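Q: My questions will all concern the structure given below.
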Amino acid sequence: MTDSLTRATFDIREMDLPDMVLVQEDLPPAYSDYVLLRNGELDNRAMADHGFRGASEERFRAIGRIAGYLREFAPPPPPLAADGVDFAVASVAHLFRSPEGVHDWMREVFLSGFAENVGSDVGGGQILAGIERLNPEGFFDEAVGLKTVHYTSDSAISSTIIDFRVGRVLGVVFVATVGDHLRLEEATELGIEMEKLIVGVALGR
């Protein structure tokens, strides 16, 4: 990543975050009929409330996270629960004080958090059964990924998640699927589209 682009991300404000997450028109053809499920701000309290055991606002602030914004899509009704159905597709933009904070979050919160909780009840009646480290390609700067598998009382759910850095912005995309399935190609496509949005905002386009 160029130094000029990294510097440009210091002009990004919290109010810019909604412009850096995917809208319906940005989704790949496979998700062209998906509809908005939820979107909104994610402050550090919300992140801690939905994080792993031990997560706290104080820890997230110490790493340098300022704010975030989520936009998530789902298949049109009626909902399907068949094996292989992607039931959620989402992107999240997080703003940090520095690029170093993004780097630390990707490893200390994202990768380590999942690794430390394999085999644990992570809430909602779900057990984190396993993770697989992924190596996303095609991004300007560093990117890391995981495939996770959760078990409920009667089914398995998998998620393919990519975290990538653009200066002091952390981009996150994920695809959640019924059953045990990898969606690296789909998640990468989503991530690269999101990266374009972040760069565009940073450069004032």
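Ligands are numbered from 1 in the order shown, residues from 1 within each chain, and chains are lettered A, B, ... in the order they appear in the structure tokens.
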Restrict the calculation to only C-alpha atoms, then for each residue of region 6-47 of chain A with any atom at most 9 Å from an atom of region 187-193 of chain A give the closest atom pair and their distance in Å to one decimal, rows by chain and rising residue number, as JSON lines.
A:
{"residue": "A:Leu22", "atom": "CA", "partner": "A:Glu193", "partner_atom": "CA", "distance": 7.6}
{"residue": "A:Asp26", "atom": "CA", "partner": "A:Glu193", "partner_atom": "CA", "distance": 6.9}
{"residue": "A:Leu27", "atom": "CA", "partner": "A:Leu190", "partner_atom": "CA", "distance": 6.9}
{"residue": "A:Pro28", "atom": "CA", "partner": "A:Leu190", "partner_atom": "CA", "distance": 7.3}
Q: Would you export the selected residues with C-alpha atoms as a PDB file, in the first residue's frame, please?
A:
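Resulting contents of again.pdb:
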ATOM      1  CA  LEU A  22     -21.288  -2.816   0.379  1.00  0.00           C
ATOM      2  CA  ASP A  26     -22.111  -4.140  -5.138  1.00  0.00           C
ATOM      3  CA  LEU A  27     -22.942  -7.794  -4.485  1.00  0.00           C
ATOM      4  CA  PRO A  28     -21.795 -10.495  -6.943  1.00  0.00           C
TER       5      PRO A  28
END
Q: Report as a PyMOL selection string: the residues of region 9-167 of chain A with a DSSP assignment of strand (DSSP E), based on the backbone of this structure.
A: chain A and resi 35-41+65-74+86-96+127-134+143-151+156-166
Q: Which residues, written as a PyMOL selection string, have at least one atom at most 7 Å from Pro136 (chain A), with only C-alpha atoms counted and residues fewer than 4 positions away on the same chain left out?
A: chain A and resi 143-145+188
Q: Measuring atom to atom with only C-alpha atoms, identify which of A:Val89, A:Gly101, A:Glu195, A:Val35 is nearest to Pro76 (chain A).
A: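 Going through A:Val89, A:Gly101, A:Glu195, A:Val35 one by one, the smallest distance to Pro76 (chain A) is for A:Val35.
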Q: Just how far from CA of Ala176 (chain A) is CA of Tyr151 (chain A), in Å to one decimal?
A: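 Value for the CA of Tyr151 (chain A)-CA of Ala176 (chain A) distance: 13.0 Å.
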Q: So which bits of region 40-87 of chain A end up helix (DSSP H, G or I) when you DSSP the backbone, as a CSV table (one decimal) with N, CA, C and O atoms, in the first residue's frame?
A:
chain,number,residue,atom,x,y,z
A,44,ASN,N,-17.9,0.3,20.4
A,44,ASN,CA,-17.1,-0.6,21.1
A,44,ASN,C,-17.9,-1.4,22.1
A,44,ASN,O,-17.6,-2.6,22.4
A,45,ARG,N,-18.9,-0.8,22.7
A,45,ARG,CA,-19.8,-1.6,23.6
A,45,ARG,C,-20.5,-2.7,22.9
A,45,ARG,O,-20.5,-3.9,23.4
A,46,ALA,N,-21.0,-2.4,21.7
A,46,ALA,CA,-21.7,-3.5,20.9
A,46,ALA,C,-20.8,-4.6,20.5
A,46,ALA,O,-21.1,-5.8,20.6
A,47,MET,N,-19.6,-4.2,20.1
A,47,MET,CA,-18.6,-5.2,19.8
A,47,MET,C,-18.2,-6.1,20.9
A,47,MET,O,-18.1,-7.3,20.8
A,48,ALA,N,-18.1,-5.5,22.1
A,48,ALA,CA,-17.7,-6.3,23.3
A,48,ALA,C,-18.9,-7.2,23.7
A,48,ALA,O,-18.7,-8.3,24.1
A,49,ASP,N,-20.1,-6.7,23.6
A,49,ASP,CA,-21.3,-7.5,24.0
A,49,ASP,C,-21.4,-8.7,23.1
A,49,ASP,O,-21.9,-9.7,23.6
A,57,GLU,N,-15.0,-3.0,26.2
A,57,GLU,CA,-14.8,-1.7,25.5
A,57,GLU,C,-13.4,-1.2,25.8
A,57,GLU,O,-12.7,-0.6,24.9
A,58,GLU,N,-12.9,-1.3,27.0
A,58,GLU,CA,-11.6,-0.8,27.4
A,58,GLU,C,-10.5,-1.4,26.5
A,58,GLU,O,-9.6,-0.7,26.0
A,59,ARG,N,-10.6,-2.7,26.3
A,59,ARG,CA,-9.5,-3.4,25.5
A,59,ARG,C,-9.6,-2.9,24.1
A,59,ARG,O,-8.5,-2.7,23.5
A,60,PHE,N,-10.8,-2.8,23.5
A,60,PHE,CA,-10.9,-2.4,22.1
A,60,PHE,C,-10.4,-0.9,21.9
A,60,PHE,O,-9.8,-0.6,20.9
A,61,ARG,N,-10.7,-0.1,22.9
A,61,ARG,CA,-10.2,1.3,22.8
A,61,ARG,C,-8.7,1.3,22.9
A,61,ARG,O,-8.0,2.1,22.2
A,62,ALA,N,-8.1,0.5,23.8
A,62,ALA,CA,-6.7,0.4,23.9
A,62,ALA,C,-6.0,0.0,22.6
A,62,ALA,O,-4.9,0.5,22.3
A,63,ILE,N,-6.6,-0.9,21.9
A,63,ILE,CA,-6.0,-1.3,20.6
A,63,ILE,C,-6.1,-0.2,19.6
A,63,ILE,O,-5.3,-0.1,18.7
Q: Residues within 12 Å of Asp163 (chain A), please, as number ranges by chain. Count only C-alpha atoms; anything in the same chain fewer than 4 positions from it doesn't count.
A: A: 91-94, 102-107, 109-111, 133-137, 139, 141-147, 169-174, 187-188, 190-192, 194-195
Q: What does the distance from CA of Met20 (chain A) to CA of Thr177 (chain A) come to in Å, to one decimal?
A: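 The value is 23.8 Å.
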